[in-house]
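See structure below.
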Amino acid sequence: MSEFITVATTDELKPGERMIVEVNDHYIALFNVDNRYYAIEDRCTHDDGPLAEGELTGTVIECPRHGAQFDITTGRVLRFPAITPVPRYDVRVENGEIQIKI
Ligand code: FES
């Protein structure tokens, strides 16, 4: 059963910032893009690269290892060498708390 879990507060994640949170043994990259929040697995589906360390352009993250690109709003692959989408998580804000649906 999935549920929303608080992982941070909005004070801790300003626009343009990102952070990694650990939930149930998953490392999740959490982004604030213009006060919209997105969460994806912090692991590239090509070869486990650390996605949260990659360059973010708009809502496109580039894996620092071999350059695959993903849309952080959907998890969709935008560029090889990855071919499998990265897991994404629903995010909501409740009373200043950022919550991820796990
Ligand atoms: S591990 Fe991300 S592109 Fe290879």
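Please note that chains go A, B, ... in the order of the structure tokens, that every chain numbers its residues from 1, and that ligands are numbered from 1 in the order shown.
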Applying 12 Å and only C-alpha atoms, which residues near A:Lys14 remain after dropping the ones on its own chain fewer than 4 positions away? List them as an MDAnalysis selection string. chainID A and resid 8:10 18:19 30:37 96 98
What do you get as number ranges by chain if you pick all residues at most 8 Å from ligand 1, counting only C-alpha atoms and all ligand atoms? A: 43-51, 62-69, 80-82
Just the selected residues (N, CA and C atoms), exported as a PDB file, in the first residue's frame, please.
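Printed below is part12.pdb as written:
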ATOM      1  N   ARG A  43      19.122   6.945  -9.225  1.00  0.00           N
ATOM      2  CA  ARG A  43      19.941   5.874  -9.796  1.00  0.00           C
ATOM      3  C   ARG A  43      19.601   5.741 -11.275  1.00  0.00           C
ATOM      4  N   CYS A  44      20.580   6.018 -12.087  1.00  0.00           N
ATOM      5  CA  CYS A  44      20.363   5.948 -13.534  1.00  0.00           C
ATOM      6  C   CYS A  44      20.047   4.513 -13.939  1.00  0.00           C
ATOM      7  N   THR A  45      19.093   4.373 -14.855  1.00  0.00           N
ATOM      8  CA  THR A  45      18.708   3.024 -15.281  1.00  0.00           C
ATOM      9  C   THR A  45      19.702   2.437 -16.282  1.00  0.00           C
ATOM     10  N   HIS A  46      20.681   3.226 -16.703  1.00  0.00           N
ATOM     11  CA  HIS A  46      21.689   2.665 -17.613  1.00  0.00           C
ATOM     12  C   HIS A  46      22.707   1.833 -16.837  1.00  0.00           C
ATOM     13  N   ASP A  47      23.357   2.470 -15.848  1.00  0.00           N
ATOM     14  CA  ASP A  47      24.388   1.733 -15.114  1.00  0.00           C
ATOM     15  C   ASP A  47      24.520   2.270 -13.690  1.00  0.00           C
ATOM     16  N   ASP A  48      23.384   2.619 -13.098  1.00  0.00           N
ATOM     17  CA  ASP A  48      23.332   3.021 -11.682  1.00  0.00           C
ATOM     18  C   ASP A  48      24.049   4.334 -11.376  1.00  0.00           C
ATOM     19  N   GLY A  49      24.214   5.201 -12.343  1.00  0.00           N
ATOM     20  CA  GLY A  49      24.864   6.485 -12.092  1.00  0.00           C
ATOM     21  C   GLY A  49      24.050   7.338 -11.116  1.00  0.00           C
ATOM     22  N   PRO A  50      24.754   8.243 -10.392  1.00  0.00           N
ATOM     23  CA  PRO A  50      24.111   9.099  -9.389  1.00  0.00           C
ATOM     24  C   PRO A  50      23.415  10.296 -10.034  1.00  0.00           C
ATOM     25  N   LEU A  51      22.161  10.131 -10.391  1.00  0.00           N
ATOM     26  CA  LEU A  51      21.468  11.155 -11.177  1.00  0.00           C
ATOM     27  C   LEU A  51      21.443  12.523 -10.514  1.00  0.00           C
ATOM     28  N   GLU A  62      20.718  15.299 -16.572  1.00  0.00           N
ATOM     29  CA  GLU A  62      21.678  14.539 -17.372  1.00  0.00           C
ATOM     30  C   GLU A  62      22.561  13.720 -16.448  1.00  0.00           C
ATOM     31  N   CYS A  63      22.612  12.438 -16.681  1.00  0.00           N
ATOM     32  CA  CYS A  63      23.429  11.566 -15.844  1.00  0.00           C
ATOM     33  C   CYS A  63      24.901  11.945 -15.984  1.00  0.00           C
ATOM     34  N   PRO A  64      25.598  12.120 -14.846  1.00  0.00           N
ATOM     35  CA  PRO A  64      26.994  12.538 -14.926  1.00  0.00           C
ATOM     36  C   PRO A  64      27.919  11.428 -15.430  1.00  0.00           C
ATOM     37  N   ARG A  65      27.402  10.215 -15.517  1.00  0.00           N
ATOM     38  CA  ARG A  65      28.299   9.120 -15.888  1.00  0.00           C
ATOM     39  C   ARG A  65      28.458   8.975 -17.408  1.00  0.00           C
ATOM     40  N   HIS A  66      27.360   8.806 -18.131  1.00  0.00           N
ATOM     41  CA  HIS A  66      27.496   8.636 -19.590  1.00  0.00           C
ATOM     42  C   HIS A  66      26.557   9.542 -20.375  1.00  0.00           C
ATOM     43  N   GLY A  67      25.887  10.457 -19.695  1.00  0.00           N
ATOM     44  CA  GLY A  67      25.147  11.478 -20.421  1.00  0.00           C
ATOM     45  C   GLY A  67      23.697  11.176 -20.784  1.00  0.00           C
ATOM     46  N   ALA A  68      23.143  10.074 -20.283  1.00  0.00           N
ATOM     47  CA  ALA A  68      21.715   9.840 -20.529  1.00  0.00           C
ATOM     48  C   ALA A  68      20.906  10.987 -19.924  1.00  0.00           C
ATOM     49  N   GLN A  69      19.767  11.276 -20.539  1.00  0.00           N
ATOM     50  CA  GLN A  69      18.920  12.349 -20.018  1.00  0.00           C
ATOM     51  C   GLN A  69      17.527  11.816 -19.700  1.00  0.00           C
ATOM     52  N   PHE A  80      19.851   8.447 -25.017  1.00  0.00           N
ATOM     53  CA  PHE A  80      20.665   7.270 -24.757  1.00  0.00           C
ATOM     54  C   PHE A  80      21.885   7.665 -23.928  1.00  0.00           C
ATOM     55  N   PRO A  81      22.552   6.722 -23.278  1.00  0.00           N
ATOM     56  CA  PRO A  81      22.416   5.279 -23.464  1.00  0.00           C
ATOM     57  C   PRO A  81      21.336   4.613 -22.607  1.00  0.00           C
ATOM     58  N   ALA A  82      20.641   5.341 -21.757  1.00  0.00           N
ATOM     59  CA  ALA A  82      19.553   4.708 -21.006  1.00  0.00           C
ATOM     60  C   ALA A  82      18.386   4.433 -21.960  1.00  0.00           C
TER      61      ALA A  82
END
Extract, using only C-alpha atoms, all DNA, RNA and protein residues at most 9 Å from A:Ile5, discarding same-chain residues fewer than 3 positions from it, and format them as a PDB file with N, CA and C atoms, in the first residue's frame.
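Final file, result-v6.pdb:
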ATOM      1  N   VAL A  23      14.373   6.787   1.708  1.00  0.00           N
ATOM      2  CA  VAL A  23      13.082   6.292   2.188  1.00  0.00           C
ATOM      3  C   VAL A  23      13.012   4.797   1.903  1.00  0.00           C
ATOM      4  N   ILE A  98       7.182  18.615   2.556  1.00  0.00           N
ATOM      5  CA  ILE A  98       7.245  17.963   1.247  1.00  0.00           C
ATOM      6  C   ILE A  98       7.084  16.464   1.476  1.00  0.00           C
ATOM      7  N   GLN A  99       6.094  15.912   0.788  1.00  0.00           N
ATOM      8  CA  GLN A  99       5.779  14.502   1.003  1.00  0.00           C
ATOM      9  C   GLN A  99       5.874  13.738  -0.314  1.00  0.00           C
ATOM     10  N   ILE A 100       6.408  12.536  -0.224  1.00  0.00           N
ATOM     11  CA  ILE A 100       6.564  11.662  -1.393  1.00  0.00           C
ATOM     12  C   ILE A 100       5.689  10.446  -1.194  1.00  0.00           C
ATOM     13  N   LYS A 101       5.049  10.048  -2.296  1.00  0.00           N
ATOM     14  CA  LYS A 101       4.201   8.851  -2.225  1.00  0.00           C
ATOM     15  C   LYS A 101       5.049   7.620  -2.519  1.00  0.00           C
ATOM     16  N   ILE A 102       5.140   6.779  -1.540  1.00  0.00           N
ATOM     17  CA  ILE A 102       5.956   5.553  -1.645  1.00  0.00           C
ATOM     18  C   ILE A 102       5.051   4.344  -1.686  1.00  0.00           C
TER      19      ILE A 102
END
Would you give me, as a ChimeraX atom specification, the residues in chain A that DSSP reads as strand (DSSP E or B)? /A:4-9,18-23,26-33,36-41,55-57,60-62,69-71,77-79,88-89,91-94,97-101
Go ahead and save the picked residues with C-alpha atoms, as a JSON list (two decimals), in the first residue's frame.
[["chain", "number", "residue", "atom", "x", "y", "z"],
["A", 4, "PHE", "CA", 2.73, 9.91, 1.48],
["A", 5, "ILE", "CA", 5.78, 10.27, 3.68],
["A", 6, "THR", "CA", 7.28, 13.57, 4.79],
["A", 7, "VAL", "CA", 10.87, 13.83, 3.60],
["A", 8, "ALA", "CA", 11.69, 17.53, 4.01],
["A", 9, "THR", "CA", 10.21, 20.94, 4.55],
["A", 18, "ARG", "CA", 17.93, 19.53, -4.94],
["A", 19, "MET", "CA", 18.52, 17.03, -2.20],
["A", 20, "ILE", "CA", 18.76, 13.30, -1.74],
["A", 21, "VAL", "CA", 16.47, 11.60, 0.74],
["A", 22, "GLU", "CA", 16.43, 8.01, 1.85],
["A", 23, "VAL", "CA", 13.08, 6.29, 2.19],
["A", 26, "HIS", "CA", 15.55, 3.92, -1.72],
["A", 27, "TYR", "CA", 17.68, 6.93, -2.48],
["A", 28, "ILE", "CA", 15.42, 9.54, -4.02],
["A", 29, "ALA", "CA", 16.46, 12.77, -5.71],
["A", 30, "LEU", "CA", 14.10, 15.59, -4.77],
["A", 31, "PHE", "CA", 14.04, 18.78, -6.85],
["A", 32, "ASN", "CA", 12.49, 22.21, -6.50],
["A", 33, "VAL", "CA", 12.03, 23.76, -9.94],
["A", 36, "ARG", "CA", 7.28, 22.77, -8.14],
["A", 37, "TYR", "CA", 8.60, 19.62, -6.59],
["A", 38, "TYR", "CA", 9.69, 16.45, -8.37],
["A", 39, "ALA", "CA", 11.13, 13.19, -7.14],
["A", 40, "ILE", "CA", 12.90, 10.41, -9.01],
["A", 41, "GLU", "CA", 15.04, 7.47, -8.03],
["A", 55, "GLU", "CA", 23.28, 18.85, -14.53],
["A", 56, "LEU", "CA", 19.65, 19.97, -14.49],
["A", 57, "THR", "CA", 18.34, 22.09, -17.37],
["A", 60, "VAL", "CA", 15.82, 17.57, -17.74],
["A", 61, "ILE", "CA", 18.55, 15.84, -15.72],
["A", 62, "GLU", "CA", 21.68, 14.54, -17.37],
["A", 69, "GLN", "CA", 18.92, 12.35, -20.02],
["A", 70, "PHE", "CA", 15.62, 11.97, -18.19],
["A", 71, "ASP", "CA", 12.57, 14.17, -17.74],
["A", 77, "VAL", "CA", 14.21, 8.74, -21.09],
["A", 78, "LEU", "CA", 15.17, 11.57, -23.41],
["A", 79, "ARG", "CA", 18.62, 10.44, -24.49],
["A", 88, "ARG", "CA", 9.35, 8.80, -10.37],
["A", 89, "TYR", "CA", 7.30, 9.54, -7.30],
["A", 91, "VAL", "CA", 5.08, 14.69, -4.52],
["A", 92, "ARG", "CA", 2.76, 16.94, -2.56],
["A", 93, "VAL", "CA", 3.17, 19.77, -0.06],
["A", 94, "GLU", "CA", 1.11, 19.78, 3.12],
["A", 97, "GLU", "CA", 6.07, 19.60, 4.46],
["A", 98, "ILE", "CA", 7.24, 17.96, 1.25],
["A", 99, "GLN", "CA", 5.78, 14.50, 1.00],
["A", 100, "ILE", "CA", 6.56, 11.66, -1.39],
["A", 101, "LYS", "CA", 4.20, 8.85, -2.22]]
Point-to-point distance from atom CA of A:Pro15 to atom CA of A:Glu53, Å rounded to tenths: 16.6 Å
Minimum-distance residue to A:Asn95, chosen among A:Asp11, A:Ile83, A:Gly75, A:Asp42 (using only C-alpha atoms):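 Using only C-alpha atoms, A:Asn95 sits closest to A:Asp11.
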One-decimal distance in Å that lies between atom CA of A:Arg76 and atom CA of A:Asp25: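 Distance reported for this atom pair: 22.7 Å.
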